[in-house]
Amino acid sequence: MHRSQHAEYLSHLGDQTRTLLEPEDIMAAVSTSLGRYLRTSRCAYADVESDSNRFTIHRDYTDGCESTAGTYELTMFGQQAVELLRRGTTLVIHHVDEEMGNTPGAMTFRSIGIQAIICCALVKQGRLVAMMAVHQVEKRQWQAHEIALLEEVTERCWDTIERVRAQKIAVQHEQQFRDYFDFVPDAQLLIDPEGRIRLANRQFCELFNTSISTIAGLLAREVLPPAIVDRYLADIQPDSWLGDAANEPANDSVSTPIVIHGENGEKRYVEVSQNVITLPEGTLRALSLRDVSDRVELEEELRQSKKMETIGLLAGGIAHDFNNLLTVIISSAELALLNSQLQPELVKGVETIRNAGLQASQLTRQLLAFSRQQVLQPEVIDLNSKLREFEDLVRRLIGESIEVELLLERDLTPVNLDSTQLQQVVLNLAANARDAMPDGGKLTISTRKTDSLPVRFGSGKTGSIESCPYVILSISDTGQGIDDEDLESIFDPFYTTKAVGKGTGLGLSTVYGIVKQSNGHLLVESEPGRGAIFSMAFPASYELPNEVSNNESHAVHTRSRNILIVEDTPELAAATKQLLQLHGFTAESATSSEEALQFLRDQQHSVDLLITDVALADMPGPALAEEARRYRPNLQILYTSGEGLKTLGPQLVEDINHRFLAKPYAAEQLRSVVSELLTVTDQKPH
């Protein structure tokens with residue numbers, strides 16, 4: 001009879017607790033149900049801590065007595081009770097006063113108003129983990145079936161509570177996994193054996209501009225780019241590798257970035273790795289996609305920088321000897337043209353030789369410009385004024401079929417630039433614009449100032465952006481535009497889209513070199529068929545623009561000045577000496593630094609100006625100049641070189657006592673610089 005009643009009760013108790021999700025709710029429901037069923041004064045379930053001593057009653061059922069919810073020490077119920085319970089033996093007391101006398105345990109029971117008790121101890125893996133007890137305020141003769149029922153309910157209650165706790169832990173772990181899944185910086189994708197998307201994280205959805213609700217359940221090959229599908233998902237067939245270790249994909253990663261394109265056409269680079277996750281319900285394939293676009297761009301910029309540096313070193317290496325030869329050719333041709341006895345029919349031929357030499361010199365200057373090895377002579381200028389000066393040159397260069405418009409912002413802040421190089425930049429860009437508008441169009445040159453440079457200027461190849469005001473010079477056209485492939489390479493040296501013989505590929509690389517060497521930044525914006533805009537940003541200067549002096553007091557007493565030329569190329573030394581003598585200067589030459597120093601030590605020789613090549617074979621020009629000034633403290637120095645700026649050294653910072661003249665130079669350039677230096681000598685006290 002009792003067995004069937006208990007079975008029915010246990011079934012009913014199971015229904016009561018099946019839907020409960022909190023352990024304390026289960027404890028309360030079981031305690032209340034059992035206490036009422038057995039008609040006891042109190043019923044409680046207790047969790048025992050890991051020390052098997054402290055236990056906690058979260059909630060209890062009471063009828064005619066106070067609640068005992070709280071935390072207690074097991075030892076307060078007496079040593080005998082502790083030993084029984086820790087062994088998993090059920091403690092049964094029918095009458096506390098008769099059976100326990102005045103023991104500590106009896107005193108504890110009396111303090112909570114109890115005379116009869118059943119306490120069922122649950123031991124798992126040798127440790128006391130839980131207890132369940134029923135109390136009676138008066139003595140009670142407990143029946144065997146009541147004891148058995150309490151033991152059964154205790155076991156079931158513990159099982160139910162542990163199941164709920166395990167479910168809660170699983171939910172917490174799943175949430176933690178999802179939180180971590182979304183927290184990791186890489187895009188993550190889980191794919192089931194049939195190739196369908198099981199889960200994707202936030203980074204994946206952002207990378208592909210989608211949502212997990214949109215792609216969940218779709219075939220991964222319908223969502224991922226073909227390059228990734230072909231590399232990682234080509235082996236997926238329904239049930240082909242579910243549970244088959246031989247067919248499971250190996251852990252794999254590819255360091256070579258894969259190109260993907262967003263919906264807006266933006267190109268991104270990702271590195272992909274894959275792994276296998278084995279779950280009870282099957283095997284999942286995990287793909288991890290790391291967006292390395294910024295790194296790839298930086299690597300490309302570094303490769304570009306290294307490439308240009310290498311070509312620059314090559315340019316500097318050949319420039320010295322090549323420019324020395326050109327200087328000899330140009331100087332010799334000009335000497336011949338200065339000879340009044342030259343037959344008229346030969347003049348044209350000599351002029352052709354000179355002009356060819358000058359054209360060849362432009363090529364070396366372009367090589368040094370794009371590699372940023374040329375020597376600049378910056379000055380504070382009014383950019384608008386300079387652009388107005390260049391306007392006629394630009395109009396003549398591009399022809400009448402192209403309209404030219406200047407949009408120059410008023411009160412523009414000055415900039416510190418080399419005017420000659422600025423002109424070269426403007427003319428190079430104007431020439432490119434002309435070629436992009438064969439049927440005519442419009443060329444616009446504009447200026448504006450800005451307190452901070454737009455972020456897009458930092459996405460090109462021109463380096464980090466300094467936080468300061470800038471002046472922006474923009475040259476735009478309405479021509480054919482530039483496609484994406486060419487846009488990535490237009491600043492590469494010798495890269496050109498023009499027909500053979502129509503361009504050297506140095507124009508834009510020269511512009512790049514000049515802008516970069518002038519501490520500027522360059523931005524190109526273009527689309528095929530919609531023209532191009534070249535924007536150059538230069539740091540603003542708060543100095544006043546330099547004014548051109550017309551002071552006539554700088555007249556030169558050339559005949560009283562003496563010059564020593566030091567060149568280790570004898571032909572060049574002789575040609576330079578002849579040119580200076582023809583212009584009325586007194587000049588001597590030496591082909592080595594030792595010969596020059598011997599000349600300077602002889603105080604009988606008067607020397608006011610030393611012209612020396614920077615890269616002499618036996619001694620660097622700056623070292624020669626330093627040694628020479630030991631004998632002639634007031635000596636003016638003119639350095640010449642066919643090499644770039646990087647080979648000259650920091651000692652060539654220009655001051656009033658020395659200047660620099662790049663080879664090859666024309667006779668008038670040489671005469672002008674020499675005159676300026678000797679003017680300074682004339683103005684010094686003797």
# chains A, B, ... in the order shown; residues from 1 in each chain; ligands from 1

$ closest_atom_pairs --of "segment 153-181 of chain A" --to "segment 21-45 of chain A" --cutoff "7 Å" --atoms "only C-alpha atoms" --output "CSV"
residue,atom,partner,partner_atom,distance
A:Ile161,CA,A:Pro23,CA,5.2
A:Val164,CA,A:Leu21,CA,6.0
A:Arg165,CA,A:Pro23,CA,6.9

$ residues_around --residues "Glu151 of chain A" --least-positions-apart "4" --cutoff "12 Å" --atoms "only C-alpha atoms" --output "PDB file with C-alpha atoms, in the first residue's frame"
ATOM      1  CA  LEU A  10       7.225  10.589  -6.503  1.00  0.00           C
ATOM      2  CA  LEU A  34       7.524  16.182   1.280  1.00  0.00           C
ATOM      3  CA  TYR A  45      17.251  20.369   1.959  1.00  0.00           C
ATOM      4  CA  GLY A  88      26.310   8.442   4.273  1.00  0.00           C
ATOM      5  CA  THR A  89      24.260   6.748   7.019  1.00  0.00           C
ATOM      6  CA  THR A  90      20.772   8.086   7.606  1.00  0.00           C
ATOM      7  CA  LEU A  91      20.362   9.548  11.101  1.00  0.00           C
ATOM      8  CA  VAL A  92      17.051   8.474  12.710  1.00  0.00           C
ATOM      9  CA  ILE A 118      15.285  11.834  10.115  1.00  0.00           C
ATOM     10  CA  CYS A 119      18.404  13.229   8.376  1.00  0.00           C
ATOM     11  CA  CYS A 120      19.411  11.552   5.120  1.00  0.00           C
ATOM     12  CA  ALA A 121      23.075  12.107   4.144  1.00  0.00           C
ATOM     13  CA  LEU A 122      24.114  11.968   0.485  1.00  0.00           C
ATOM     14  CA  VAL A 123      27.742  11.013  -0.166  1.00  0.00           C
ATOM     15  CA  ALA A 130      23.934  17.191   0.599  1.00  0.00           C
ATOM     16  CA  MET A 131      21.467  16.378   3.373  1.00  0.00           C
ATOM     17  CA  MET A 132      17.723  16.338   3.677  1.00  0.00           C
ATOM     18  CA  ALA A 133      15.889  16.221   6.974  1.00  0.00           C
ATOM     19  CA  VAL A 134      12.363  16.062   8.393  1.00  0.00           C
ATOM     20  CA  ALA A 144      10.739   2.257   7.535  1.00  0.00           C
ATOM     21  CA  HIS A 145       8.780   3.317   4.450  1.00  0.00           C
ATOM     22  CA  GLU A 146       9.058   6.976   5.573  1.00  0.00           C
ATOM     23  CA  ILE A 147      12.824   6.625   5.940  1.00  0.00           C
ATOM     24  CA  GLU A 155      18.634  11.349  -4.196  1.00  0.00           C
ATOM     25  CA  ARG A 156      16.117  12.621  -6.759  1.00  0.00           C
ATOM     26  CA  CYS A 157      16.268  16.162  -5.439  1.00  0.00           C
ATOM     27  CA  TRP A 158      20.057  16.173  -5.681  1.00  0.00           C
TER      28      TRP A 158
END

$ select_by_dssp --residues "segment 34-275 of chain A" --states "helix (DSSP H, G or I)" --output "count of residues only"
95

$ residues_around --residues "segment 332-338 of chain A" --least-positions-apart "5" --cutoff "8 Å" --atoms "only C-alpha atoms" --output "JSON list (two decimals) with N, CA, C and O atoms, in the first residue's frame"
[["chain", "number", "residue", "atom", "x", "y", "z"],
["A", 347, "VAL", "N", 78.38, 77.04, -85.75],
["A", 347, "VAL", "CA", 77.69, 77.51, -84.55],
["A", 347, "VAL", "C", 76.45, 76.66, -84.27],
["A", 347, "VAL", "O", 76.19, 76.26, -83.13],
["A", 350, "VAL", "N", 77.34, 73.30, -82.74],
["A", 350, "VAL", "CA", 77.78, 73.41, -81.35],
["A", 350, "VAL", "C", 76.59, 73.69, -80.44],
["A", 350, "VAL", "O", 76.50, 73.17, -79.33],
["A", 351, "GLU", "N", 75.67, 74.53, -80.92],
["A", 351, "GLU", "CA", 74.46, 74.80, -80.12],
["A", 351, "GLU", "C", 73.65, 73.52, -79.93],
["A", 351, "GLU", "O", 73.06, 73.29, -78.86],
["A", 353, "ILE", "N", 74.89, 70.50, -79.75],
["A", 353, "ILE", "CA", 75.61, 69.73, -78.73],
["A", 353, "ILE", "C", 75.28, 70.25, -77.34],
["A", 353, "ILE", "O", 74.98, 69.49, -76.41],
["A", 354, "ARG", "N", 75.33, 71.60, -77.18],
["A", 354, "ARG", "CA", 75.04, 72.18, -75.87],
["A", 354, "ARG", "C", 73.61, 71.87, -75.44],
["A", 354, "ARG", "O", 73.36, 71.46, -74.29],
["A", 575, "ALA", "N", 87.96, 73.12, -68.45],
["A", 575, "ALA", "CA", 86.83, 73.83, -69.04],
["A", 575, "ALA", "C", 86.28, 74.88, -68.08],
["A", 575, "ALA", "O", 85.94, 76.00, -68.49],
["A", 578, "GLN", "N", 88.61, 77.91, -67.98],
["A", 578, "GLN", "CA", 88.47, 78.74, -69.18],
["A", 578, "GLN", "C", 87.20, 79.59, -69.14],
["A", 578, "GLN", "O", 87.22, 80.77, -69.49],
["A", 579, "LEU", "N", 86.09, 78.97, -68.69],
["A", 579, "LEU", "CA", 84.83, 79.71, -68.61],
["A", 579, "LEU", "C", 84.94, 80.90, -67.68],
["A", 579, "LEU", "O", 84.50, 82.01, -68.00],
["A", 667, "ALA", "N", 77.12, 77.92, -68.17],
["A", 667, "ALA", "CA", 78.12, 78.94, -67.88],
["A", 667, "ALA", "C", 77.51, 80.10, -67.11],
["A", 667, "ALA", "O", 78.13, 80.64, -66.19]]

$ atom_distance --atom1 "atom CA of Ser541 of chain A" --atom2 "atom CA of Val425 of chain A"
19.7 Å

$ residues_around --residues "segment 175-185 of chain A" --least-positions-apart "5" --cutoff "12 Å" --atoms "only C-alpha atoms" --output "ChimeraX atom specification"
/A:168-170,190,199-207,212,286,288-292

$ write_last_selection --atoms "C-alpha atoms" --output "PDB file, in the first residue's frame"
ATOM      1  CA  LYS A 168      23.000  26.846 -15.905  1.00  0.00           C
ATOM      2  CA  ILE A 169      26.750  26.316 -16.193  1.00  0.00           C
ATOM      3  CA  ALA A 170      26.291  25.188 -19.784  1.00  0.00           C
ATOM      4  CA  LEU A 190      31.412  27.727 -37.811  1.00  0.00           C
ATOM      5  CA  LEU A 199      27.394  30.455 -36.279  1.00  0.00           C
ATOM      6  CA  ALA A 200      29.222  33.669 -37.198  1.00  0.00           C
ATOM      7  CA  ASN A 201      30.554  36.390 -34.945  1.00  0.00           C
ATOM      8  CA  ARG A 202      30.036  40.142 -35.099  1.00  0.00           C
ATOM      9  CA  GLN A 203      33.362  40.768 -36.855  1.00  0.00           C
ATOM     10  CA  PHE A 204      32.417  38.365 -39.649  1.00  0.00           C
ATOM     11  CA  CYS A 205      29.079  40.094 -40.142  1.00  0.00           C
ATOM     12  CA  GLU A 206      30.767  43.504 -40.231  1.00  0.00           C
ATOM     13  CA  LEU A 207      33.422  42.310 -42.688  1.00  0.00           C
ATOM     14  CA  ILE A 212      23.849  36.139 -38.443  1.00  0.00           C
ATOM     15  CA  ALA A 286      35.899  26.646 -37.877  1.00  0.00           C
ATOM     16  CA  SER A 288      39.077  32.370 -38.840  1.00  0.00           C
ATOM     17  CA  LEU A 289      39.537  35.389 -41.118  1.00  0.00           C
ATOM     18  CA  ARG A 290      41.959  38.088 -40.012  1.00  0.00           C
ATOM     19  CA  ASP A 291      41.666  41.448 -41.769  1.00  0.00           C
ATOM     20  CA  VAL A 292      45.257  42.425 -42.594  1.00  0.00           C
TER      21      VAL A 292
END

$ atom_distance --atom1 "atom CA of Gly520 of chain A" --atom2 "atom CA of Leu422 of chain A"
11.7 Å

$ residues_around --residues "Leu387 of chain A" --least-positions-apart "6" --cutoff "9 Å" --atoms "only C-alpha atoms" --output "PDB file with all heavy atoms, in the first residue's frame"
ATOM      1  N   LEU A 406      42.366  79.687 -62.310  1.00  0.00           N
ATOM      2  CA  LEU A 406      43.035  79.768 -61.019  1.00  0.00           C
ATOM      3  C   LEU A 406      42.018  80.135 -59.950  1.00  0.00           C
ATOM      4  O   LEU A 406      41.356  81.170 -60.055  1.00  0.00           O
ATOM      5  CB  LEU A 406      44.162  80.811 -61.043  1.00  0.00           C
ATOM      6  CG  LEU A 406      45.564  80.302 -61.428  1.00  0.00           C
ATOM      7  CD1 LEU A 406      45.568  79.731 -62.832  1.00  0.00           C
ATOM      8  CD2 LEU A 406      46.584  81.428 -61.297  1.00  0.00           C
ATOM      9  N   LEU A 408      42.347  80.825 -56.278  1.00  0.00           N
ATOM     10  CA  LEU A 408      43.335  81.013 -55.226  1.00  0.00           C
ATOM     11  C   LEU A 408      42.693  81.676 -54.014  1.00  0.00           C
ATOM     12  O   LEU A 408      42.124  82.764 -54.118  1.00  0.00           O
ATOM     13  CB  LEU A 408      44.501  81.860 -55.745  1.00  0.00           C
ATOM     14  CG  LEU A 408      45.122  81.388 -57.076  1.00  0.00           C
ATOM     15  CD1 LEU A 408      46.251  82.304 -57.494  1.00  0.00           C
ATOM     16  CD2 LEU A 408      45.602  79.941 -56.954  1.00  0.00           C
ATOM     17  N   GLN A 423      57.802  75.045 -59.591  1.00  0.00           N
ATOM     18  CA  GLN A 423      57.459  75.250 -61.001  1.00  0.00           C
ATOM     19  C   GLN A 423      57.502  73.928 -61.756  1.00  0.00           C
ATOM     20  O   GLN A 423      56.622  73.646 -62.584  1.00  0.00           O
ATOM     21  CB  GLN A 423      58.431  76.248 -61.632  1.00  0.00           C
ATOM     22  CG  GLN A 423      58.187  76.460 -63.133  1.00  0.00           C
ATOM     23  CD  GLN A 423      59.154  77.470 -63.718  1.00  0.00           C
ATOM     24  OE1 GLN A 423      59.311  78.560 -63.200  1.00  0.00           O
ATOM     25  NE2 GLN A 423      59.808  77.107 -64.808  1.00  0.00           N
ATOM     26  N   VAL A 426      54.315  71.942 -60.963  1.00  0.00           N
ATOM     27  CA  VAL A 426      53.133  72.473 -61.634  1.00  0.00           C
ATOM     28  C   VAL A 426      53.167  72.143 -63.127  1.00  0.00           C
ATOM     29  O   VAL A 426      52.157  71.710 -63.709  1.00  0.00           O
ATOM     30  CB  VAL A 426      53.027  73.988 -61.406  1.00  0.00           C
ATOM     31  CG1 VAL A 426      51.899  74.579 -62.243  1.00  0.00           C
ATOM     32  CG2 VAL A 426      52.794  74.291 -59.930  1.00  0.00           C
ATOM     33  N   ILE A 445      43.671  75.170 -61.157  1.00  0.00           N
ATOM     34  CA  ILE A 445      44.717  75.252 -60.137  1.00  0.00           C
ATOM     35  C   ILE A 445      44.135  76.019 -58.960  1.00  0.00           C
ATOM     36  O   ILE A 445      43.712  77.165 -59.122  1.00  0.00           O
ATOM     37  CB  ILE A 445      45.976  75.956 -60.672  1.00  0.00           C
ATOM     38  CG1 ILE A 445      46.522  75.211 -61.896  1.00  0.00           C
ATOM     39  CG2 ILE A 445      47.037  76.060 -59.584  1.00  0.00           C
ATOM     40  CD1 ILE A 445      47.700  75.906 -62.565  1.00  0.00           C
TER      41      ILE A 445
END

$ residues_around --residues "Arg410 of chain A" --least-positions-apart "5" --cutoff "9 Å" --atoms "only C-alpha atoms" --output "ChimeraX atom specification"
/A:384,447-448

$ closest_residue --among "A:Ser331, A:Gly217, A:Asp439, A:Pro633" --to "Glu668 of chain A" --atoms "only C-alpha atoms"
A:Ser331

$ atom_distance --atom1 "atom CA of Glu98 of chain A" --atom2 "atom CA of Tyr72 of chain A"
24.7 Å
